[in-house]
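Q: My questions all concern the structure below.
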Amino acid sequence: MLLFPAAVLGLGLASAGCKSDNDPGAAFIAQYCDIYKPCCTAAGLPGDGKACEALFASARSPKAKYDATAGDACIAGLMQSAGQPGFCTGDVVPPSACAAAFGGTAGGGCIQDSDCPASSAGDARCVSGFIGGMQVRKCQVQIRGASGSTPCVGSVRAGVTLYAGTASGDIPEQAYLCTSDDGLRCDGTACVALTAAGGQCALYTDCVVDDFCDLTTGTCAARQAIGAACIGEALECQDGGYCDEARMVCAAQLGVGTACTDNVQCQTGNCPNGACATTPTGGANVLCGGG
(Lines give C-alpha, C1' and ligand atoms only; values in the text may rest on other atoms or scores of the structure.)
Protein backbone atom coordinates (compact mmCIF):
# COMPACT_ATOMS: atom_id res chain seq x y z
CA MET A 1 0.00 0.00 0.00
CA LEU A 2 0.89 3.64 -0.02
CA LEU A 3 3.75 4.76 2.17
CA PHE A 4 3.01 8.38 3.01
CA PRO A 5 1.78 10.00 6.20
CA ALA A 6 -1.78 11.03 6.83
CA ALA A 7 -0.61 14.58 7.25
CA VAL A 8 -2.19 15.29 3.90
CA LEU A 9 -5.62 14.27 5.06
CA GLY A 10 -8.16 16.99 4.75
CA LEU A 11 -5.79 19.43 3.18
CA GLY A 12 -7.43 22.19 1.16
CA LEU A 13 -4.83 24.21 -0.69
CA ALA A 14 -5.13 26.08 -3.95
CA SER A 15 -1.65 24.95 -4.91
CA ALA A 16 -0.45 22.04 -2.79
CA GLY A 17 3.27 22.04 -2.24
CA CYS A 18 3.85 25.71 -3.09
CA LYS A 19 6.24 27.42 -0.70
CA SER A 20 4.48 30.38 0.87
CA ASP A 21 5.18 32.49 3.94
CA ASN A 22 1.43 33.14 4.13
CA ASP A 23 0.46 29.46 4.05
CA PRO A 24 2.21 27.38 6.71
CA GLY A 25 0.40 24.26 5.48
CA ALA A 26 1.90 24.68 2.02
CA ALA A 27 5.32 25.29 3.56
CA PHE A 28 4.97 22.06 5.54
CA ILE A 29 4.19 20.10 2.37
CA ALA A 30 7.20 21.58 0.61
CA GLN A 31 9.47 20.65 3.51
CA TYR A 32 8.03 17.17 3.71
CA CYS A 33 8.50 16.49 -0.01
CA ASP A 34 12.02 17.96 0.06
CA ILE A 35 13.05 15.37 2.66
CA TYR A 36 12.05 12.53 0.32
CA LYS A 37 13.67 13.94 -2.82
CA PRO A 38 16.99 12.08 -2.25
CA CYS A 39 15.00 8.84 -1.96
CA CYS A 40 13.44 9.49 -5.35
CA THR A 41 16.79 10.18 -6.98
CA ALA A 42 18.37 7.08 -5.45
CA ALA A 43 15.51 4.96 -6.79
CA GLY A 44 15.94 6.29 -10.32
CA LEU A 45 12.63 8.14 -10.08
CA PRO A 46 11.85 11.87 -10.59
CA GLY A 47 13.28 13.97 -7.78
CA ASP A 48 11.33 17.17 -8.42
CA GLY A 49 8.75 16.56 -5.68
CA LYS A 50 5.78 16.90 -8.02
CA ALA A 51 4.41 13.39 -7.38
CA CYS A 52 4.69 13.98 -3.64
CA GLU A 53 2.81 17.28 -3.85
CA ALA A 54 0.17 15.69 -6.10
CA LEU A 55 -0.44 12.99 -3.51
CA PHE A 56 -1.07 15.64 -0.88
CA ALA A 57 -3.46 17.41 -3.24
CA SER A 58 -5.37 14.21 -4.04
CA ALA A 59 -6.32 13.80 -0.39
CA ARG A 60 -7.26 17.38 0.31
CA SER A 61 -10.41 18.40 2.15
CA PRO A 62 -11.54 21.97 2.84
CA LYS A 63 -12.43 21.08 6.45
CA ALA A 64 -8.97 20.33 7.81
CA LYS A 65 -6.77 22.89 9.56
CA TYR A 66 -3.02 22.72 9.73
CA ASP A 67 -1.59 21.99 13.18
CA ALA A 68 1.78 23.75 13.31
CA THR A 69 2.89 21.93 16.45
CA ALA A 70 2.26 18.52 14.91
CA GLY A 71 3.72 19.66 11.60
CA ASP A 72 6.95 20.87 13.18
CA ALA A 73 7.26 17.62 15.15
CA CYS A 74 6.68 15.62 11.97
CA ILE A 75 9.39 17.45 10.03
CA ALA A 76 11.84 17.22 12.93
CA GLY A 77 11.23 13.49 13.25
CA LEU A 78 11.59 12.88 9.52
CA MET A 79 14.86 14.82 9.37
CA GLN A 80 16.19 12.79 12.28
CA SER A 81 15.28 9.45 10.70
CA ALA A 82 16.04 10.31 7.04
CA GLY A 83 19.58 8.95 7.29
CA GLN A 84 18.54 5.63 8.80
CA PRO A 85 18.70 2.43 6.71
CA GLY A 86 15.25 1.61 5.38
CA PHE A 87 13.92 5.18 5.48
CA CYS A 88 13.44 5.41 1.72
CA THR A 89 11.93 1.92 1.41
CA GLY A 90 9.37 2.46 4.14
CA ASP A 91 10.90 0.24 6.80
CA VAL A 92 11.13 3.28 9.09
CA VAL A 93 7.63 4.37 10.10
CA PRO A 94 7.10 8.16 9.91
CA PRO A 95 6.46 9.98 13.22
CA SER A 96 2.88 9.78 14.50
CA ALA A 97 2.81 13.58 14.49
CA CYS A 98 2.69 13.50 10.68
CA ALA A 99 -0.78 11.94 10.81
CA ALA A 100 -1.98 14.77 13.05
CA ALA A 101 -0.61 17.68 11.03
CA PHE A 102 -3.91 18.10 9.20
CA GLY A 103 -6.18 16.48 11.75
CA GLY A 104 -5.88 12.86 10.63
CA THR A 105 -7.85 10.45 12.83
CA ALA A 106 -7.65 6.70 13.27
CA GLY A 107 -10.33 4.84 11.37
CA GLY A 108 -11.00 7.72 9.03
CA GLY A 109 -8.93 9.07 6.15
CA CYS A 110 -5.38 7.86 5.62
CA ILE A 111 -2.48 7.83 3.23
CA GLN A 112 -0.31 5.00 4.51
CA ASP A 113 -1.12 1.69 6.20
CA SER A 114 0.42 2.78 9.49
CA ASP A 115 -2.26 5.51 9.76
CA CYS A 116 -4.82 2.76 10.34
CA PRO A 117 -5.36 1.13 13.75
CA ALA A 118 -4.39 -2.52 13.99
CA SER A 119 -7.19 -5.09 13.97
CA SER A 120 -7.30 -8.66 15.25
CA ALA A 121 -9.75 -9.47 12.44
CA GLY A 122 -7.32 -8.91 9.58
CA ASP A 123 -4.78 -6.56 8.01
CA ALA A 124 -5.44 -2.83 8.39
CA ARG A 125 -4.81 -1.14 5.05
CA CYS A 126 -5.12 2.33 3.59
CA VAL A 127 -7.03 2.03 0.32
CA SER A 128 -8.26 4.53 -2.24
CA GLY A 129 -11.47 4.82 -4.21
CA PHE A 130 -13.61 7.30 -6.10
CA ILE A 131 -16.90 8.57 -4.72
CA GLY A 132 -18.84 11.20 -6.62
CA GLY A 133 -15.88 11.70 -8.93
CA MET A 134 -13.56 12.52 -6.03
CA GLN A 135 -10.69 10.35 -4.87
CA VAL A 136 -10.85 9.33 -1.22
CA ARG A 137 -8.58 7.23 1.01
CA LYS A 138 -9.87 5.32 4.01
CA CYS A 139 -8.73 2.64 6.42
CA GLN A 140 -10.04 -0.83 5.72
CA VAL A 141 -9.61 -4.16 7.50
CA GLN A 142 -8.90 -6.82 4.89
CA ILE A 143 -9.64 -10.45 5.70
CA ARG A 144 -8.70 -13.60 3.80
CA GLY A 145 -11.96 -14.72 2.26
CA ALA A 146 -13.63 -18.10 1.99
CA SER A 147 -16.04 -19.20 -0.73
CA GLY A 148 -19.01 -16.83 -0.64
CA SER A 149 -17.32 -14.14 1.50
CA THR A 150 -18.73 -10.69 0.70
CA PRO A 151 -17.99 -7.91 0.04
CA CYS A 152 -14.76 -8.80 -1.69
CA VAL A 153 -12.50 -6.07 -3.01
CA GLY A 154 -9.71 -7.95 -4.75
CA SER A 155 -8.00 -11.14 -5.83
CA VAL A 156 -4.57 -12.28 -4.60
CA ARG A 157 -2.42 -14.25 -7.03
CA ALA A 158 1.27 -15.13 -6.61
CA GLY A 159 1.46 -12.65 -3.75
CA VAL A 160 0.15 -9.79 -5.88
CA THR A 161 -3.23 -8.23 -5.09
CA LEU A 162 -5.41 -7.04 -7.96
CA TYR A 163 -7.91 -4.68 -6.40
CA ALA A 164 -11.37 -4.48 -7.91
CA GLY A 165 -13.04 -2.28 -5.30
CA THR A 166 -16.82 -2.14 -5.00
CA ALA A 167 -19.38 -1.28 -7.65
CA SER A 168 -20.31 1.93 -5.82
CA GLY A 169 -16.70 2.98 -5.34
CA ASP A 170 -17.27 3.15 -1.58
CA ILE A 171 -14.67 1.74 0.79
CA PRO A 172 -16.26 -0.61 3.34
CA GLU A 173 -14.61 -0.68 6.77
CA GLN A 174 -14.17 -4.45 6.46
CA ALA A 175 -13.77 -6.44 3.25
CA TYR A 176 -12.40 -9.72 1.89
CA LEU A 177 -9.53 -10.64 -0.39
CA CYS A 178 -9.94 -13.86 -2.37
CA THR A 179 -6.73 -15.87 -2.75
CA SER A 180 -5.77 -18.11 -5.66
CA ASP A 181 -3.97 -20.43 -3.22
CA ASP A 182 -7.45 -21.20 -1.88
CA GLY A 183 -8.81 -21.66 -5.41
CA LEU A 184 -10.75 -18.39 -5.21
CA ARG A 185 -11.11 -15.05 -6.95
CA CYS A 186 -13.24 -11.95 -6.40
CA ASP A 187 -16.06 -11.59 -8.93
CA GLY A 188 -16.79 -8.04 -7.79
CA THR A 189 -19.20 -9.12 -5.08
CA ALA A 190 -18.09 -12.36 -3.43
CA CYS A 191 -15.26 -14.91 -3.43
CA VAL A 192 -15.96 -17.58 -6.07
CA ALA A 193 -14.07 -20.61 -7.41
CA LEU A 194 -11.38 -20.14 -10.06
CA THR A 195 -12.21 -21.42 -13.54
CA ALA A 196 -10.58 -24.63 -14.75
CA ALA A 197 -8.92 -25.09 -18.15
CA GLY A 198 -11.46 -24.82 -20.97
CA GLY A 199 -13.87 -22.70 -18.92
CA GLN A 200 -14.89 -19.18 -19.94
CA CYS A 201 -12.85 -16.21 -18.71
CA ALA A 202 -12.38 -12.48 -19.18
CA LEU A 203 -9.23 -11.89 -17.07
CA TYR A 204 -6.20 -13.99 -16.15
CA THR A 205 -7.33 -13.87 -12.52
CA ASP A 206 -10.45 -15.84 -13.51
CA CYS A 207 -8.37 -18.96 -14.18
CA VAL A 208 -6.69 -21.51 -11.94
CA VAL A 209 -3.06 -20.70 -11.07
CA ASP A 210 -1.41 -22.75 -13.84
CA ASP A 211 -3.61 -21.23 -16.56
CA PHE A 212 -4.02 -17.88 -18.30
CA CYS A 213 -7.03 -16.37 -20.06
CA ASP A 214 -6.69 -16.85 -23.82
CA LEU A 215 -8.76 -13.95 -25.13
CA THR A 216 -8.69 -15.36 -28.66
CA THR A 217 -10.95 -18.15 -27.43
CA GLY A 218 -12.30 -16.58 -24.23
CA THR A 219 -11.26 -19.66 -22.26
CA CYS A 220 -8.65 -20.63 -19.67
CA ALA A 221 -5.60 -22.43 -21.10
CA ALA A 222 -2.27 -23.76 -19.80
CA ARG A 223 0.50 -21.16 -19.42
CA GLN A 224 3.31 -21.47 -21.96
CA ALA A 225 6.88 -22.57 -21.19
CA ILE A 226 9.88 -20.40 -22.06
CA GLY A 227 10.64 -20.91 -25.74
CA ALA A 228 7.02 -21.64 -26.67
CA ALA A 229 4.97 -19.44 -28.99
CA CYS A 230 2.80 -16.77 -27.31
CA ILE A 231 0.13 -14.24 -28.28
CA GLY A 232 0.83 -11.44 -25.78
CA GLU A 233 -1.77 -12.07 -23.09
CA ALA A 234 -1.25 -11.26 -19.40
CA LEU A 235 0.63 -14.02 -17.53
CA GLU A 236 0.54 -16.19 -20.64
CA CYS A 237 4.09 -17.37 -20.02
CA GLN A 238 5.07 -19.38 -16.98
CA ASP A 239 6.64 -17.70 -13.93
CA GLY A 240 10.01 -16.16 -14.79
CA GLY A 241 9.03 -15.54 -18.41
CA TYR A 242 7.28 -12.92 -20.53
CA CYS A 243 5.93 -12.79 -24.07
CA ASP A 244 8.57 -11.21 -26.33
CA GLU A 245 6.16 -9.65 -28.80
CA ALA A 246 8.92 -8.92 -31.30
CA ARG A 247 9.33 -12.68 -31.76
CA MET A 248 6.01 -13.82 -30.22
CA VAL A 249 7.91 -16.30 -28.06
CA CYS A 250 8.01 -16.69 -24.27
CA ALA A 251 11.43 -15.42 -23.13
CA ALA A 252 13.18 -15.51 -19.76
CA GLN A 253 12.82 -12.32 -17.71
CA LEU A 254 15.93 -10.22 -17.22
CA GLY A 255 17.98 -9.55 -14.09
CA VAL A 256 18.81 -6.22 -12.46
CA GLY A 257 21.15 -4.12 -14.62
CA THR A 258 20.15 -5.73 -17.92
CA ALA A 259 18.96 -3.45 -20.73
CA CYS A 260 15.18 -3.36 -21.14
CA THR A 261 12.37 -1.41 -22.77
CA ASP A 262 9.36 -2.55 -20.72
CA ASN A 263 8.67 -3.42 -17.09
CA VAL A 264 7.37 -6.89 -17.99
CA GLN A 265 10.81 -7.86 -19.26
CA CYS A 266 12.36 -7.54 -15.79
CA GLN A 267 12.28 -10.02 -12.94
CA THR A 268 11.61 -7.07 -10.65
CA GLY A 269 8.90 -5.62 -12.91
CA ASN A 270 10.80 -2.32 -12.98
CA CYS A 271 12.47 -0.83 -16.08
CA PRO A 272 12.82 2.88 -15.17
CA ASN A 273 15.72 4.12 -17.31
CA GLY A 274 16.41 1.51 -19.96
CA ALA A 275 17.74 -1.07 -17.47
CA CYS A 276 16.08 -3.45 -15.03
CA ALA A 277 16.24 -2.07 -11.49
CA THR A 278 15.12 -3.04 -8.03
CA THR A 279 11.72 -1.72 -7.04
CA PRO A 280 11.34 0.38 -3.86
CA THR A 281 9.09 -1.43 -1.41
CA GLY A 282 7.52 1.68 0.03
CA GLY A 283 7.79 5.43 0.25
CA ALA A 284 9.91 6.39 -2.71
CA ASN A 285 7.92 4.23 -5.09
CA VAL A 286 4.73 6.18 -4.37
CA LEU A 287 6.08 9.59 -3.41
CA CYS A 288 8.17 9.82 -6.57
CA GLY A 289 5.54 8.63 -9.02
CA GLY A 290 6.79 5.06 -9.25
CA GLY A 291 3.31 3.61 -8.84
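We name chains A, B, ... following the order of the C-alpha coordinates; residues begin at 1 in each chain, and ligands are numbered from 1 as shown.
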Could you pull the residues within 9 Å of segment 264-269 of chain A, counting only C-alpha atoms, minus those fewer than 4 positions along the same chain, as a PyMOL selection string?
A: chain A and resi 240-244+251-256+258+260+275-279
Q: Which residues are close to Cys126 of chain A, i.e. within 6 Å by only C-alpha atoms, leaving aside same-chain residues fewer than 2 positions away? Reply as a PDB file with all heavy atoms, in the first residue's frame.
A:
```pdb
ATOM      1  N   CYS A 110      -6.749   8.335   5.435  1.00  0.00           N
ATOM      2  CA  CYS A 110      -5.382   7.856   5.617  1.00  0.00           C
ATOM      3  C   CYS A 110      -4.622   8.044   4.325  1.00  0.00           C
ATOM      4  O   CYS A 110      -5.206   8.335   3.284  1.00  0.00           O
ATOM      5  CB  CYS A 110      -5.381   6.377   5.999  1.00  0.00           C
ATOM      6  SG  CYS A 110      -6.168   5.334   4.746  1.00  0.00           S
ATOM      7  N   GLN A 112      -1.144   6.190   4.413  1.00  0.00           N
ATOM      8  CA  GLN A 112      -0.311   5.000   4.515  1.00  0.00           C
ATOM      9  C   GLN A 112      -0.957   3.998   5.463  1.00  0.00           C
ATOM     10  O   GLN A 112      -1.805   4.344   6.282  1.00  0.00           O
ATOM     11  CB  GLN A 112       1.077   5.364   5.008  1.00  0.00           C
ATOM     12  CG  GLN A 112       1.082   5.909   6.427  1.00  0.00           C
ATOM     13  CD  GLN A 112       2.491   6.086   6.931  1.00  0.00           C
ATOM     14  OE1 GLN A 112       3.440   6.050   6.156  1.00  0.00           O
ATOM     15  NE2 GLN A 112       2.643   6.268   8.223  1.00  0.00           N
ATOM     16  N   ASP A 113      -0.542   2.747   5.371  1.00  0.00           N
ATOM     17  CA  ASP A 113      -1.120   1.690   6.196  1.00  0.00           C
ATOM     18  C   ASP A 113      -0.959   1.971   7.685  1.00  0.00           C
ATOM     19  O   ASP A 113      -1.836   1.659   8.485  1.00  0.00           O
ATOM     20  CB  ASP A 113      -0.469   0.345   5.866  1.00  0.00           C
ATOM     21  CG  ASP A 113      -0.843  -0.155   4.482  1.00  0.00           C
ATOM     22  OD1 ASP A 113      -1.803   0.380   3.904  1.00  0.00           O
ATOM     23  OD2 ASP A 113      -0.174  -1.076   3.983  1.00  0.00           O
ATOM     24  N   LYS A 138      -9.331   5.702   2.711  1.00  0.00           N
ATOM     25  CA  LYS A 138      -9.872   5.322   4.014  1.00  0.00           C
ATOM     26  C   LYS A 138      -9.208   4.050   4.512  1.00  0.00           C
ATOM     27  O   LYS A 138      -8.705   3.246   3.724  1.00  0.00           O
ATOM     28  CB  LYS A 138     -11.385   5.098   3.921  1.00  0.00           C
ATOM     29  CG  LYS A 138     -12.201   6.339   3.646  1.00  0.00           C
ATOM     30  CD  LYS A 138     -13.663   6.006   3.411  1.00  0.00           C
ATOM     31  CE  LYS A 138     -14.299   5.266   4.565  1.00  0.00           C
ATOM     32  NZ  LYS A 138     -15.716   4.957   4.321  1.00  0.00           N
ATOM     33  N   CYS A 139      -9.242   3.869   5.825  1.00  0.00           N
ATOM     34  CA  CYS A 139      -8.731   2.640   6.416  1.00  0.00           C
ATOM     35  C   CYS A 139      -9.731   1.503   6.191  1.00  0.00           C
ATOM     36  O   CYS A 139     -10.942   1.714   6.241  1.00  0.00           O
ATOM     37  CB  CYS A 139      -8.505   2.828   7.912  1.00  0.00           C
ATOM     38  SG  CYS A 139      -7.164   3.967   8.306  1.00  0.00           S
TER      39      CYS A 139
END
```
Q: Taking the DSSP secondary structure from the backbone, can you list the residues of segment 52-291 of chain A that are strand (DSSP E), as number ranges by chain?
A: A: 123-131, 134-144, 152-157, 160-163, 174-179, 184-186, 191-193, 211-214, 219-222, 241-244, 249-252
Q: With distances taken over only C-alpha atoms, which of A:Gly169, A:Cys74, A:Ala164, A:Pro46 is nearest to Pro94 of chain A?
A: A:Cys74
Q: Choose the residue, out of A:Ala124, A:Leu235, A:Ala197, A:Ile35, that has the smallest atom-to-atom separation from Glu173 of chain A; count only C-alpha atoms.
A: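 Among the listed residues, the smallest separation from Glu173 of chain A belongs to A:Ala124.
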Q: Find the distance between atom CA of Val92 of chain A and atom CA of Ile75 of chain A and write it in Å to one decimal.
A: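 These atoms are spaced 14.3 Å apart.
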Q: I'd like the interatomic distance between atom CA of Ala259 of chain A and atom CA of Thr41 of chain A, to a tenth of an Å.
A: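 If I compute the distance from atom CA of Ala259 of chain A to atom CA of Thr41 of chain A, I get 19.5 Å.
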Q: Would you mind listing what lies within 12 Å of segment 189-191 of chain A as a PyMOL selection string, with only C-alpha atoms counted and same-chain residues fewer than 6 positions away left out?
A: chain A and resi 143-156+164-168+175-180+182-183+206
Q: So, counting only C-alpha atoms, which residue among A:Leu287, A:Ile231, A:Ala193, A:Ala221 is closest to Ala43 of chain A?
A: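 For Ala43 of chain A, the nearest of the given residues is A:Leu287.
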Q: Quick one: pull the distance between atom CA of Cys271 of chain A and atom CA of Cys39 of chain A, Å, one decimal.
A: 17.3 Å
Q: Restricting the calculation to only C-alpha atoms, which member of A:Ala42, A:Asp115, A:Gly274, A:Leu184 is positioned closest to Thr261 of chain A?
A: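 For Thr261 of chain A, the nearest of the candidates is A:Gly274.
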Q: Which residues are close to Ala70 of chain A, i.e. within 7 Å by only C-alpha atoms, leaving aside same-chain residues fewer than 2 positions away? Reply as a list of chain:residue names.
A: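 These residues fall inside the cut-off: A:Asp67, A:Ala68, A:Asp72, A:Ala73, A:Cys74, A:Ala97, A:Cys98, A:Ala100, A:Ala101.
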Q: Return as a ChimeraX atom specification the full set of residues in segment 31-280 of chain A whose backbone-based DSSP assignment is alpha helix (DSSP H).
A: /A:31-42,50-58,68-81,97-100
